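Reproduced below: run_14.pdb, with PDB, C-alpha atoms, pLDDT in the B column.
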ATOM      1  CA  MET A 263      82.149  65.943 131.221  1.00 64.00           C
ATOM      2  CA  ARG A 264      84.146  68.720 132.849  1.00 64.00           C
ATOM      3  CA  ASN A 265      81.003  70.133 134.477  1.00 73.00           C
ATOM      4  CA  ILE A 266      79.791  66.742 135.727  1.00 80.00           C
ATOM      5  CA  PRO A 267      81.045  65.589 139.144  1.00 78.00           C
ATOM      6  CA  ALA A 268      83.080  62.396 139.044  1.00 82.00           C
ATOM      7  CA  GLY A 269      80.939  59.355 139.762  1.00 93.00           C
ATOM      8  CA  ARG A 270      79.961  56.008 138.312  1.00 96.00           C
ATOM      9  CA  VAL A 271      79.903  55.954 134.494  1.00 97.00           C
ATOM     10  CA  LEU A 272      78.364  53.324 132.241  1.00 97.00           C
ATOM     11  CA  ASP A 273      79.468  53.462 128.584  1.00 97.00           C
ATOM     12  CA  ILE A 274      77.155  51.431 126.355  1.00 97.00           C
ATOM     13  CA  GLY A 275      78.757  50.299 123.108  1.00 94.00           C
ATOM     14  CA  THR A 276      82.220  51.339 124.201  1.00 92.00           C
ATOM     15  CA  GLY A 277      84.019  50.013 121.129  1.00 89.00           C
ATOM     16  CA  ALA A 278      87.773  49.990 121.746  1.00 86.00           C
ATOM     17  CA  GLY A 279      87.259  51.683 125.122  1.00 88.00           C
ATOM     18  CA  SER A 280      89.770  54.522 124.785  1.00 88.00           C
ATOM     19  CA  LEU A 281      87.305  57.070 126.204  1.00 92.00           C
ATOM     20  CA  LEU A 282      87.100  55.095 129.440  1.00 93.00           C
ATOM     21  CA  ALA A 283      90.826  55.488 130.033  1.00 92.00           C
ATOM     22  CA  ASP A 284      90.425  59.274 129.783  1.00 93.00           C
ATOM     23  CA  LEU A 285      87.420  59.294 132.118  1.00 94.00           C
ATOM     24  CA  HIS A 286      89.259  57.073 134.565  1.00 94.00           C
ATOM     25  CA  GLY A 287      92.060  59.636 134.606  1.00 92.00           C
ATOM     26  CA  LEU A 288      89.488  62.315 135.496  1.00 92.00           C
ATOM     27  CA  GLY A 289      88.390  60.322 138.533  1.00 93.00           C
ATOM     28  CA  PHE A 290      85.315  58.524 137.209  1.00 95.00           C
ATOM     29  CA  SER A 291      84.547  54.915 138.132  1.00 95.00           C
ATOM     30  CA  CYS A 292      84.036  53.293 134.733  1.00 96.00           C
ATOM     31  CA  THR A 293      82.044  50.324 133.484  1.00 96.00           C
ATOM     32  CA  ALA A 294      81.385  49.406 129.859  1.00 95.00           C
ATOM     33  CA  LEU A 295      78.825  47.282 128.043  1.00 95.00           C
ATOM     34  CA  GLU A 296      79.967  45.953 124.666  1.00 94.00           C
ATOM     35  CA  THR A 297      78.146  43.133 122.867  1.00 91.00           C
ATOM     36  CA  SER A 298      80.643  42.819 120.002  1.00 90.00           C
ATOM     37  CA  ALA A 299      83.218  40.187 120.959  1.00 90.00           C
ATOM     38  CA  ASP A 300      85.916  41.728 118.751  1.00 89.00           C
ATOM     39  CA  ALA A 301      85.402  45.205 120.182  1.00 89.00           C
ATOM     40  CA  ARG A 302      85.258  43.846 123.718  1.00 91.00           C
ATOM     41  CA  HIS A 303      88.531  41.970 123.344  1.00 91.00           C
ATOM     42  CA  MET A 304      90.183  45.055 121.884  1.00 90.00           C
ATOM     43  CA  ALA A 305      88.913  47.185 124.775  1.00 91.00           C
ATOM     44  CA  GLU A 306      90.184  44.650 127.273  1.00 90.00           C
ATOM     45  CA  ARG A 307      93.637  44.810 125.690  1.00 91.00           C
ATOM     46  CA  ILE A 308      93.695  48.597 125.576  1.00 90.00           C
ATOM     47  CA  LEU A 309      92.505  48.836 129.192  1.00 92.00           C
ATOM     48  CA  SER A 310      94.616  45.959 130.494  1.00 90.00           C
ATOM     49  CA  ASP A 311      96.634  48.267 132.756  1.00 91.00           C
ATOM     50  CA  LEU A 312      93.408  49.597 134.327  1.00 91.00           C
ATOM     51  CA  PRO A 313      91.908  46.452 135.874  1.00 88.00           C
ATOM     52  CA  ASP A 314      89.261  48.397 137.816  1.00 90.00           C
ATOM     53  CA  ILE A 315      87.492  49.251 134.529  1.00 93.00           C
ATOM     54  CA  ALA A 316      85.003  46.469 133.807  1.00 91.00           C
ATOM     55  CA  VAL A 317      84.049  45.653 130.204  1.00 93.00           C
ATOM     56  CA  ARG A 318      80.964  43.444 130.195  1.00 94.00           C
ATOM     57  CA  ALA A 319      79.217  41.500 127.434  1.00 94.00           C
ATOM     58  CA  SER A 320      75.811  41.737 129.131  1.00 95.00           C
ATOM     59  CA  PRO A 321      74.194  43.843 131.867  1.00 94.00           C
ATOM     60  CA  ASP A 322      74.523  42.944 135.527  1.00 92.00           C
ATOM     61  CA  GLN A 323      71.348  42.527 137.589  1.00 88.00           C
ATOM     62  CA  GLN A 324      72.874  44.854 140.178  1.00 92.00           C
ATOM     63  CA  TRP A 325      73.145  47.801 137.745  1.00 96.00           C
ATOM     64  CA  GLU A 326      69.607  49.148 138.147  1.00 96.00           C
ATOM     65  CA  ASN A 327      69.649  52.807 139.337  1.00 96.00           C
ATOM     66  CA  GLN A 328      73.377  52.541 140.090  1.00 96.00           C
ATOM     67  CA  PHE A 329      75.100  54.893 137.622  1.00 97.00           C
ATOM     68  CA  ASP A 330      75.522  58.652 137.781  1.00 97.00           C
ATOM     69  CA  VAL A 331      76.315  59.074 134.070  1.00 97.00           C
ATOM     70  CA  LEU A 332      75.225  56.985 131.093  1.00 98.00           C
ATOM     71  CA  LEU A 333      77.127  57.407 127.816  1.00 98.00           C
ATOM     72  CA  SER A 334      76.362  55.922 124.420  1.00 97.00           C
ATOM     73  CA  PHE A 335      78.060  57.253 121.310  1.00 96.00           C
ATOM     74  CA  GLU A 336      76.990  56.165 117.827  1.00 95.00           C
ATOM     75  CA  VAL A 337      74.987  53.153 119.033  1.00 96.00           C
ATOM     76  CA  LEU A 338      71.236  53.869 118.874  1.00 97.00           C
ATOM     77  CA  GLU A 339      71.297  54.161 115.081  1.00 97.00           C
ATOM     78  CA  HIS A 340      72.239  50.455 114.914  1.00 95.00           C
ATOM     79  CA  ILE A 341      69.168  49.292 116.859  1.00 95.00           C
ATOM     80  CA  GLU A 342      65.818  48.581 115.226  1.00 95.00           C
ATOM     81  CA  ASP A 343      63.726  49.392 118.311  1.00 97.00           C
ATOM     82  CA  ASP A 344      65.625  52.388 119.644  1.00 97.00           C
ATOM     83  CA  THR A 345      62.824  53.341 122.046  1.00 98.00           C
ATOM     84  CA  ALA A 346      62.956  49.981 123.825  1.00 98.00           C
ATOM     85  CA  ALA A 347      66.755  50.095 123.895  1.00 97.00           C
ATOM     86  CA  LEU A 348      66.971  53.567 125.430  1.00 98.00           C
ATOM     87  CA  ARG A 349      64.311  52.755 128.016  1.00 97.00           C
ATOM     88  CA  ASP A 350      66.242  49.626 128.946  1.00 97.00           C
ATOM     89  CA  TRP A 351      69.508  51.557 129.300  1.00 97.00           C
ATOM     90  CA  LEU A 352      67.895  54.202 131.480  1.00 98.00           C
ATOM     91  CA  ARG A 353      67.084  51.553 134.076  1.00 97.00           C
ATOM     92  CA  PHE A 354      70.779  51.605 134.961  1.00 97.00           C
ATOM     93  CA  LEU A 355      70.847  55.372 135.534  1.00 98.00           C
ATOM     94  CA  ARG A 356      69.857  56.759 138.920  1.00 97.00           C
ATOM     95  CA  PRO A 357      67.028  59.331 138.988  1.00 97.00           C
ATOM     96  CA  GLY A 358      68.572  62.682 138.137  1.00 96.00           C
ATOM     97  CA  GLY A 359      71.593  60.981 136.562  1.00 97.00           C
ATOM     98  CA  ARG A 360      73.081  62.393 133.370  1.00 97.00           C
ATOM     99  CA  LEU A 361      72.545  60.952 129.890  1.00 98.00           C
ATOM    100  CA  ILE A 362      74.915  61.850 127.042  1.00 98.00           C
ATOM    101  CA  ILE A 363      74.389  60.219 123.648  1.00 98.00           C
ATOM    102  CA  SER A 364      75.442  60.894 120.079  1.00 97.00           C
ATOM    103  CA  VAL A 365      73.950  59.758 116.781  1.00 98.00           C
ATOM    104  CA  PRO A 366      74.491  60.513 113.072  1.00 96.00           C
ATOM    105  CA  ALA A 367      72.451  63.504 111.948  1.00 97.00           C
ATOM    106  CA  HIS A 368      69.901  64.061 109.192  1.00 96.00           C
ATOM    107  CA  ALA A 369      67.943  61.231 107.615  1.00 95.00           C
ATOM    108  CA  SER A 370      68.411  62.883 104.227  1.00 95.00           C
ATOM    109  CA  ARG A 371      72.201  62.497 104.435  1.00 94.00           C
ATOM    110  CA  TRP A 372      72.265  58.697 104.291  1.00 95.00           C
ATOM    111  CA  THR A 373      75.425  57.445 102.576  1.00 93.00           C
ATOM    112  CA  ALA A 374      77.278  54.214 101.903  1.00 91.00           C
ATOM    113  CA  THR A 375      79.013  54.722 105.259  1.00 90.00           C
ATOM    114  CA  ASP A 376      75.686  54.121 107.023  1.00 93.00           C
ATOM    115  CA  THR A 377      75.152  50.904 105.093  1.00 89.00           C
ATOM    116  CA  TRP A 378      78.741  49.799 105.706  1.00 86.00           C
ATOM    117  CA  ALA A 379      78.385  50.430 109.444  1.00 87.00           C
ATOM    118  CA  GLY A 380      75.062  48.580 109.765  1.00 90.00           C
ATOM    119  CA  HIS A 381      72.949  51.617 110.625  1.00 93.00           C
ATOM    120  CA  VAL A 382      69.181  51.363 110.727  1.00 95.00           C
ATOM    121  CA  ARG A 383      68.624  55.130 110.587  1.00 97.00           C
ATOM    122  CA  ARG A 384      70.016  58.635 110.913  1.00 97.00           C
ATOM    123  CA  TYR A 385      68.251  61.149 113.154  1.00 98.00           C
ATOM    124  CA  ASP A 386      66.746  64.563 112.685  1.00 97.00           C
ATOM    125  CA  ARG A 387      67.050  66.804 115.739  1.00 97.00           C
ATOM    126  CA  SER A 388      63.337  66.835 116.585  1.00 97.00           C
ATOM    127  CA  ASP A 389      63.114  63.037 116.358  1.00 97.00           C
ATOM    128  CA  LEU A 390      66.075  62.524 118.712  1.00 98.00           C
ATOM    129  CA  ILE A 391      64.696  64.956 121.284  1.00 98.00           C
ATOM    130  CA  ALA A 392      61.252  63.331 121.074  1.00 98.00           C
ATOM    131  CA  LEU A 393      62.802  59.884 121.570  1.00 98.00           C
ATOM    132  CA  ALA A 394      64.683  60.972 124.689  1.00 98.00           C
ATOM    133  CA  GLU A 395      61.649  62.715 126.193  1.00 98.00           C
ATOM    134  CA  ARG A 396      59.431  59.729 125.433  1.00 97.00           C
ATOM    135  CA  CYS A 397      61.834  57.507 127.364  1.00 97.00           C
ATOM    136  CA  GLY A 398      61.840  59.692 130.480  1.00 97.00           C
ATOM    137  CA  VAL A 399      64.681  62.156 129.869  1.00 98.00           C
ATOM    138  CA  THR A 400      64.602  65.880 130.516  1.00 98.00           C
ATOM    139  CA  VAL A 401      66.633  67.210 127.591  1.00 98.00           C
ATOM    140  CA  ASP A 402      69.029  70.046 128.408  1.00 97.00           C
ATOM    141  CA  ARG A 403      70.572  70.466 124.981  1.00 96.00           C
ATOM    142  CA  CYS A 404      70.908  68.825 121.599  1.00 97.00           C
ATOM    143  CA  GLU A 405      73.832  70.169 119.614  1.00 96.00           C
ATOM    144  CA  ASN A 406      74.956  69.586 116.064  1.00 96.00           C
ATOM    145  CA  TYR A 407      78.627  68.705 115.654  1.00 95.00           C
ATOM    146  CA  GLY A 408      81.121  67.903 112.927  1.00 93.00           C
ATOM    147  CA  PHE A 409      81.024  71.022 110.743  1.00 93.00           C
ATOM    148  CA  PRO A 410      83.206  71.903 108.913  1.00 90.00           C
ATOM    149  CA  LEU A 411      85.688  69.018 109.067  1.00 87.00           C
ATOM    150  CA  ALA A 412      83.118  66.212 108.847  1.00 87.00           C
ATOM    151  CA  ASN A 413      81.626  67.766 105.718  1.00 87.00           C
ATOM    152  CA  VAL A 414      84.973  67.333 104.013  1.00 85.00           C
ATOM    153  CA  ILE A 415      85.649  63.831 105.328  1.00 86.00           C
ATOM    154  CA  GLU A 416      82.141  62.379 104.944  1.00 89.00           C
ATOM    155  CA  PRO A 417      82.129  62.157 101.112  1.00 89.00           C
ATOM    156  CA  VAL A 418      85.567  60.526 101.190  1.00 86.00           C
ATOM    157  CA  ASN A 419      84.393  57.993 103.778  1.00 85.00           C
ATOM    158  CA  ALA A 420      81.244  57.318 101.787  1.00 89.00           C
ATOM    159  CA  TRP A 421      83.270  56.551  98.643  1.00 88.00           C
ATOM    160  CA  ALA A 422      85.687  54.267 100.524  1.00 84.00           C
ATOM    161  CA  HIS A 423      82.939  52.492 102.437  1.00 78.00           C
ATOM    162  CA  ALA A 424      80.933  51.901  99.288  1.00 84.00           C
ATOM    163  CA  ARG A 425      83.895  49.957  97.938  1.00 80.00           C
ATOM    164  CA  GLN A 426      84.437  48.108 101.232  1.00 72.00           C
ATOM    165  CA  ALA A 427      80.761  47.218 101.542  1.00 64.00           C
ATOM    166  CA  GLN A 428      80.767  45.876  98.006  1.00 69.00           C
ATOM    167  CA  ARG A 429      83.732  43.628  98.757  1.00 69.00           C
ATOM    168  CA  SER A 430      82.189  42.491 102.044  1.00 60.00           C
ATOM    169  CA  SER A 431      78.936  41.622 100.290  1.00 62.00           C
ATOM    170  CA  CYS A 432      80.824  39.392  97.910  1.00 62.00           C
ATOM    171  CA  GLU A 433      82.703  37.666 100.717  1.00 57.00           C
ATOM    172  CA  SER A 434      80.039  37.401 103.447  1.00 52.00           C
ATOM    173  CA  PRO A 435      78.053  34.135 103.712  1.00 50.00           C
ATOM    174  CA  ALA A 436      75.024  36.165 104.815  1.00 47.00           C
ATOM    175  CA  ALA A 437      75.291  38.296 101.695  1.00 45.00           C
ATOM    176  CA  ARG A 438      75.392  35.202  99.476  1.00 45.00           C
ATOM    177  CA  ALA A 439      72.079  33.975 100.869  1.00 45.00           C
ATOM    178  CA  ASP A 440      68.809  34.439  99.059  1.00 46.00           C
ATOM    179  CA  GLY A 441      68.233  38.072 100.005  1.00 50.00           C
ATOM    180  CA  THR A 442      65.413  37.624 102.533  1.00 60.00           C
ATOM    181  CA  ALA A 443      64.833  40.207 105.265  1.00 57.00           C
ATOM    182  CA  ARG A 444      66.383  37.808 107.746  1.00 59.00           C
ATOM    183  CA  ASP A 445      69.595  37.600 105.727  1.00 74.00           C
ATOM    184  CA  GLU A 446      69.710  41.375 105.347  1.00 74.00           C
ATOM    185  CA  ALA A 447      69.296  41.781 109.113  1.00 76.00           C
ATOM    186  CA  ALA A 448      72.076  39.271 109.741  1.00 76.00           C
ATOM    187  CA  LEU A 449      74.395  41.163 107.422  1.00 72.00           C
ATOM    188  CA  ARG A 450      73.525  44.473 109.089  1.00 75.00           C
ATOM    189  CA  ASP A 451      74.183  42.978 112.535  1.00 71.00           C
ATOM    190  CA  ALA A 452      77.549  41.688 111.357  1.00 73.00           C
ATOM    191  CA  ARG A 453      78.462  45.098 110.003  1.00 70.00           C
ATOM    192  CA  SER A 454      77.363  46.746 113.250  1.00 73.00           C
ATOM    193  CA  ALA A 455      79.563  44.414 115.275  1.00 66.00           C
ATOM    194  CA  GLU A 456      82.563  45.170 113.082  1.00 67.00           C
ATOM    195  CA  SER A 457      82.055  48.923 112.800  1.00 66.00           C
ATOM    196  CA  GLY A 458      83.480  49.637 116.242  1.00 61.00           C
ATOM    197  CA  VAL A 459      86.843  48.052 115.458  1.00 59.00           C
ATOM    198  CA  ARG A 460      87.320  48.372 111.681  1.00 63.00           C
ATOM    199  CA  ARG A 461      89.412  51.501 111.376  1.00 56.00           C
ATOM    200  CA  SER A 462      91.685  50.870 108.399  1.00 58.00           C
ATOM    201  CA  MET A 463      91.100  54.324 106.937  1.00 58.00           C
ATOM    202  CA  GLU A 464      91.688  56.054 110.272  1.00 59.00           C
ATOM    203  CA  THR A 465      94.857  54.014 110.753  1.00 62.00           C
ATOM    204  CA  ARG A 466      96.202  55.209 107.418  1.00 66.00           C
ATOM    205  CA  LEU A 467      95.398  58.817 108.309  1.00 64.00           C
ATOM    206  CA  PHE A 468      96.803  58.606 111.844  1.00 63.00           C
ATOM    207  CA  PRO A 469     100.365  59.754 110.967  1.00 76.00           C
ATOM    208  CA  LEU A 470      98.921  62.804 109.230  1.00 73.00           C
ATOM    209  CA  MET A 471      96.510  63.586 112.079  1.00 70.00           C
ATOM    210  CA  THR A 472      99.247  63.369 114.717  1.00 76.00           C
ATOM    211  CA  SER A 473     101.742  65.478 112.776  1.00 87.00           C
ATOM    212  CA  TRP A 474     102.199  69.130 113.750  1.00 84.00           C
ATOM    213  CA  PRO A 475     100.039  70.440 110.867  1.00 83.00           C
ATOM    214  CA  GLY A 476      97.458  67.751 111.577  1.00 81.00           C
ATOM    215  CA  ARG A 477      97.194  68.638 115.261  1.00 86.00           C
ATOM    216  CA  VAL A 478      96.828  72.330 114.443  1.00 88.00           C
ATOM    217  CA  ALA A 479      94.115  71.570 111.882  1.00 84.00           C
ATOM    218  CA  MET A 480      92.220  69.301 114.302  1.00 83.00           C
ATOM    219  CA  ARG A 481      92.291  71.920 117.073  1.00 88.00           C
ATOM    220  CA  ALA A 482      91.072  74.562 114.640  1.00 88.00           C
ATOM    221  CA  ALA A 483      88.255  72.302 113.422  1.00 86.00           C
ATOM    222  CA  CYS A 484      87.169  71.451 116.983  1.00 87.00           C
ATOM    223  CA  THR A 485      87.095  75.137 117.870  1.00 88.00           C
ATOM    224  CA  ALA A 486      85.208  76.057 114.701  1.00 88.00           C
ATOM    225  CA  GLN A 487      82.465  73.478 115.241  1.00 90.00           C
ATOM    226  CA  ARG A 488      81.444  75.233 118.471  1.00 91.00           C
ATOM    227  CA  TRP A 489      80.275  78.198 116.405  1.00 93.00           C
ATOM    228  CA  PHE A 490      77.897  75.993 114.416  1.00 93.00           C
ATOM    229  CA  ARG A 491      76.498  73.696 117.108  1.00 93.00           C
ATOM    230  CA  ARG A 492      73.045  75.323 116.948  1.00 93.00           C
ATOM    231  CA  THR A 493      72.873  74.888 113.176  1.00 95.00           C
ATOM    232  CA  GLU A 494      72.045  71.837 111.054  1.00 96.00           C
ATOM    233  CA  LEU A 495      75.343  71.864 109.146  1.00 95.00           C
ATOM    234  CA  GLY A 496      77.240  69.054 110.909  1.00 94.00           C
ATOM    235  CA  ASN A 497      76.802  65.310 110.545  1.00 94.00           C
ATOM    236  CA  GLY A 498      76.036  64.347 114.150  1.00 96.00           C
ATOM    237  CA  PHE A 499      73.899  65.254 117.153  1.00 97.00           C
ATOM    238  CA  LEU A 500      75.053  65.223 120.772  1.00 97.00           C
ATOM    239  CA  LEU A 501      72.197  65.138 123.275  1.00 98.00           C
ATOM    240  CA  GLN A 502      72.546  65.781 126.987  1.00 97.00           C
ATOM    241  CA  GLY A 503      69.845  65.414 129.580  1.00 98.00           C
ATOM    242  CA  SER A 504      68.884  63.907 132.920  1.00 97.00           C
ATOM    243  CA  LYS A 505      66.675  61.004 133.936  1.00 98.00           C
ATOM    244  CA  ARG A 506      63.373  62.097 135.372  1.00 95.00           C
ATOM    245  CA  SER A 507      62.491  60.767 138.802  1.00 85.00           C
TER
END

Any chance you could give the structure as structure tokens?
Amino acid sequence: MRNIPAGRVLDIGTGAGSLLADLHGLGFSCTALETSADARHMAERILSDLPDIAVRASPDQQWENQFDVLLSFEVLEHIEDDTAALRDWLRFLRPGGRLIISVPAHASRWTATDTWAGHVRRYDRSDLIALAERCGVTVDRCENYGFPLANVIEPVNAWAHARQAQRSSCESPAARADGTARDEAALRDARSAESGVRRSMETRLFPLMTSWPGRVAMRAACTAQRWFRRTELGNGFLLQGSKRS
């Protein structure tokens, strides 16, 4: 975002909204779209001292061609028809406006974390680029991120989320239904809605991450991942491009 002039930003699937506070501090005019009521209420609390940041439950009719930057991080993988969703989002972006999205990488690396979070898919690089181009985006870059730190954390998350998903399945009314596709979709939607705000593991790790050794390790990991962004080693893709006129 440092190389993008400050303008109007739309963050789709903002979750708790902490990124918007940072962008606001950089001079961007920020709007968010969040369909999960729990995530939206959390974002509203976190952003309560920034009343000019709007967090909406549904799009505004006035949004078409109004935004300079469209962001969506870890959202498309939750949506069955990702082509229709991305095309719909791009209506809000002005011609030439910037698109920045992230998704989990590599279909072959599906884990219990994907099931726990309500994902429909993971993406291979070629499939993500093809999706963006099909929807009217000129792709500038598609980088792999997360290596090496994510490769250490991912198996731990997968183990923990397998246990959490098992408990949720026992407790959820949708999971106790007769197992039809409709019930499975309802359970996946419920997990998707919760995934943006359920951060019990991250909360437990927060004291370690914010300690002096933790901060040093995080900076080192963030620096190291730049060396591998053209590889396939990480667990996510970050795509940047612009809307074609």

Counting only C-alpha atoms, what is within 9 Å of Arg318 in chain A, bar same-chain residues fewer than 2 positions away, as a count of residues only? 10

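Interatomic distance, CA of Arg360 in chain A against CA of Asp300 in chain A: 28.4 Å.
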
Show which residues sit within 7 Å of Glu339 in chain A, as an mmCIF file with C-alpha atoms, in the frame of the given file. Count all atoms listed in the file, and ignore same-chain residues fewer than 6 positions away.
data_model
loop_
_atom_site.group_PDB
_atom_site.id
_atom_site.type_symbol
_atom_site.label_atom_id
_atom_site.label_comp_id
_atom_site.auth_asym_id
_atom_site.auth_seq_id
_atom_site.Cartn_x
_atom_site.Cartn_y
_atom_site.Cartn_z
ATOM 1 C CA VAL A 365 73.950 59.758 116.781
ATOM 2 C CA HIS A 381 72.949 51.617 110.625
ATOM 3 C CA VAL A 382 69.181 51.363 110.727
ATOM 4 C CA ARG A 383 68.624 55.130 110.587
ATOM 5 C CA ARG A 384 70.016 58.635 110.913
#

List every residue of range 476-506 of chain A that has an atom at most 6 Å from any atom of range 406-422 of chain A, giving for each one its closest atom pair and the distance in Å to one decimal, counting all atoms listed in the file, sorted by chain and then by ascending residue number, as a tab-separated table.
residue	atom	partner	partner_atom	distance
A:Gln487	CA	A:Phe409	CA	5.3
A:Arg491	CA	A:Asn406	CA	4.5
A:Leu495	CA	A:Phe409	CA	6.0
A:Gly496	CA	A:Phe409	CA	4.3
A:Asn497	CA	A:Gly408	CA	5.6
A:Gly498	CA	A:Tyr407	CA	5.3
A:Phe499	CA	A:Asn406	CA	4.6

With the PyMOL selection byres ((chain A and resi 357) around 10) as the selection, what would be picked from this file? Answer as a PyMOL selection string, please. chain A and resi 327-330+352-356+358-360+398-399+504-507

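One distance worth recording is that between CA of Thr400 in chain A and CA of Arg492 in chain A, which is 18.6 Å.
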
Counting all atoms listed in the file, which residues have an atom no more than 6 Å from (71.8, 69.3, 128.5) in the file's coordinates? Please list them as a PyMOL selection string. chain A and resi 401-403+502-503

Nearest to Leu390 in chain A: which of A:Glu342, A:Glu405, A:Asp311, A:Glu446 is it, counting all atoms listed in the file? A:Glu405

Kindly output range 375-382 of chain A as a PDB file, in the coordinates of the input, after building all heavy atoms.
ATOM      1  N   THR A 375      78.417  54.937 103.939  1.00 90.00           N
ATOM      2  CA  THR A 375      79.013  54.722 105.259  1.00 90.00           C
ATOM      3  C   THR A 375      77.990  54.164 106.228  1.00 90.00           C
ATOM      4  O   THR A 375      78.303  53.297 107.053  1.00 90.00           O
ATOM      5  CB  THR A 375      79.600  56.041 105.808  1.00 90.00           C
ATOM      6  OG1 THR A 375      80.654  56.463 104.948  1.00 90.00           O
ATOM      7  CG2 THR A 375      80.143  55.856 107.212  1.00 90.00           C
ATOM      8  N   ASP A 376      76.745  54.635 106.154  1.00 93.00           N
ATOM      9  CA  ASP A 376      75.686  54.121 107.023  1.00 93.00           C
ATOM     10  C   ASP A 376      75.407  52.652 106.729  1.00 93.00           C
ATOM     11  O   ASP A 376      75.251  51.845 107.653  1.00 93.00           O
ATOM     12  CB  ASP A 376      74.408  54.952 106.845  1.00 93.00           C
ATOM     13  CG  ASP A 376      74.593  56.392 107.258  1.00 93.00           C
ATOM     14  OD1 ASP A 376      74.734  56.646 108.465  1.00 93.00           O
ATOM     15  OD2 ASP A 376      74.612  57.266 106.367  1.00 93.00           O
ATOM     16  N   THR A 377      75.356  52.307 105.462  1.00 89.00           N
ATOM     17  CA  THR A 377      75.152  50.904 105.093  1.00 89.00           C
ATOM     18  C   THR A 377      76.317  50.050 105.550  1.00 89.00           C
ATOM     19  O   THR A 377      76.132  48.967 106.115  1.00 89.00           O
ATOM     20  CB  THR A 377      74.968  50.783 103.570  1.00 89.00           C
ATOM     21  OG1 THR A 377      73.878  51.610 103.155  1.00 89.00           O
ATOM     22  CG2 THR A 377      74.703  49.342 103.171  1.00 89.00           C
ATOM     23  N   TRP A 378      77.530  50.530 105.304  1.00 86.00           N
ATOM     24  CA  TRP A 378      78.741  49.799 105.706  1.00 86.00           C
ATOM     25  C   TRP A 378      78.765  49.548 107.201  1.00 86.00           C
ATOM     26  O   TRP A 378      79.163  48.473 107.661  1.00 86.00           O
ATOM     27  CB  TRP A 378      79.972  50.607 105.294  1.00 86.00           C
ATOM     28  CG  TRP A 378      81.250  50.113 105.877  1.00 86.00           C
ATOM     29  CD1 TRP A 378      82.054  49.119 105.390  1.00 86.00           C
ATOM     30  CD2 TRP A 378      81.892  50.578 107.069  1.00 86.00           C
ATOM     31  NE1 TRP A 378      83.147  48.941 106.201  1.00 86.00           N
ATOM     32  CE2 TRP A 378      83.065  49.821 107.240  1.00 86.00           C
ATOM     33  CE3 TRP A 378      81.574  51.567 108.008  1.00 86.00           C
ATOM     34  CZ2 TRP A 378      83.925  50.024 108.317  1.00 86.00           C
ATOM     35  CZ3 TRP A 378      82.427  51.763 109.077  1.00 86.00           C
ATOM     36  CH2 TRP A 378      83.596  50.996 109.212  1.00 86.00           C
ATOM     37  N   ALA A 379      78.324  50.543 107.985  1.00 87.00           N
ATOM     38  CA  ALA A 379      78.385  50.430 109.444  1.00 87.00           C
ATOM     39  C   ALA A 379      77.217  49.666 110.047  1.00 87.00           C
ATOM     40  O   ALA A 379      77.209  49.388 111.244  1.00 87.00           O
ATOM     41  CB  ALA A 379      78.451  51.829 110.063  1.00 87.00           C
ATOM     42  N   GLY A 380      76.214  49.311 109.240  1.00 90.00           N
ATOM     43  CA  GLY A 380      75.062  48.580 109.765  1.00 90.00           C
ATOM     44  C   GLY A 380      74.044  49.461 110.444  1.00 90.00           C
ATOM     45  O   GLY A 380      73.328  49.007 111.348  1.00 90.00           O
ATOM     46  N   HIS A 381      73.945  50.723 110.029  1.00 93.00           N
ATOM     47  CA  HIS A 381      72.949  51.617 110.625  1.00 93.00           C
ATOM     48  C   HIS A 381      71.540  51.248 110.173  1.00 93.00           C
ATOM     49  O   HIS A 381      71.334  50.771 109.058  1.00 93.00           O
ATOM     50  CB  HIS A 381      73.228  53.067 110.227  1.00 93.00           C
ATOM     51  CG  HIS A 381      74.490  53.623 110.798  1.00 93.00           C
ATOM     52  ND1 HIS A 381      74.981  54.872 110.453  1.00 93.00           N
ATOM     53  CD2 HIS A 381      75.357  53.121 111.714  1.00 93.00           C
ATOM     54  CE1 HIS A 381      76.099  55.101 111.123  1.00 93.00           C
ATOM     55  NE2 HIS A 381      76.354  54.044 111.890  1.00 93.00           N
ATOM     56  N   VAL A 382      70.600  51.503 111.059  1.00 95.00           N
ATOM     57  CA  VAL A 382      69.181  51.363 110.727  1.00 95.00           C
ATOM     58  C   VAL A 382      68.616  52.712 110.284  1.00 95.00           C
ATOM     59  O   VAL A 382      67.743  52.785 109.429  1.00 95.00           O
ATOM     60  CB  VAL A 382      68.382  50.840 111.938  1.00 95.00           C
ATOM     61  CG1 VAL A 382      66.890  50.782 111.641  1.00 95.00           C
ATOM     62  CG2 VAL A 382      68.889  49.472 112.358  1.00 95.00           C
TER      63      VAL A 382
END
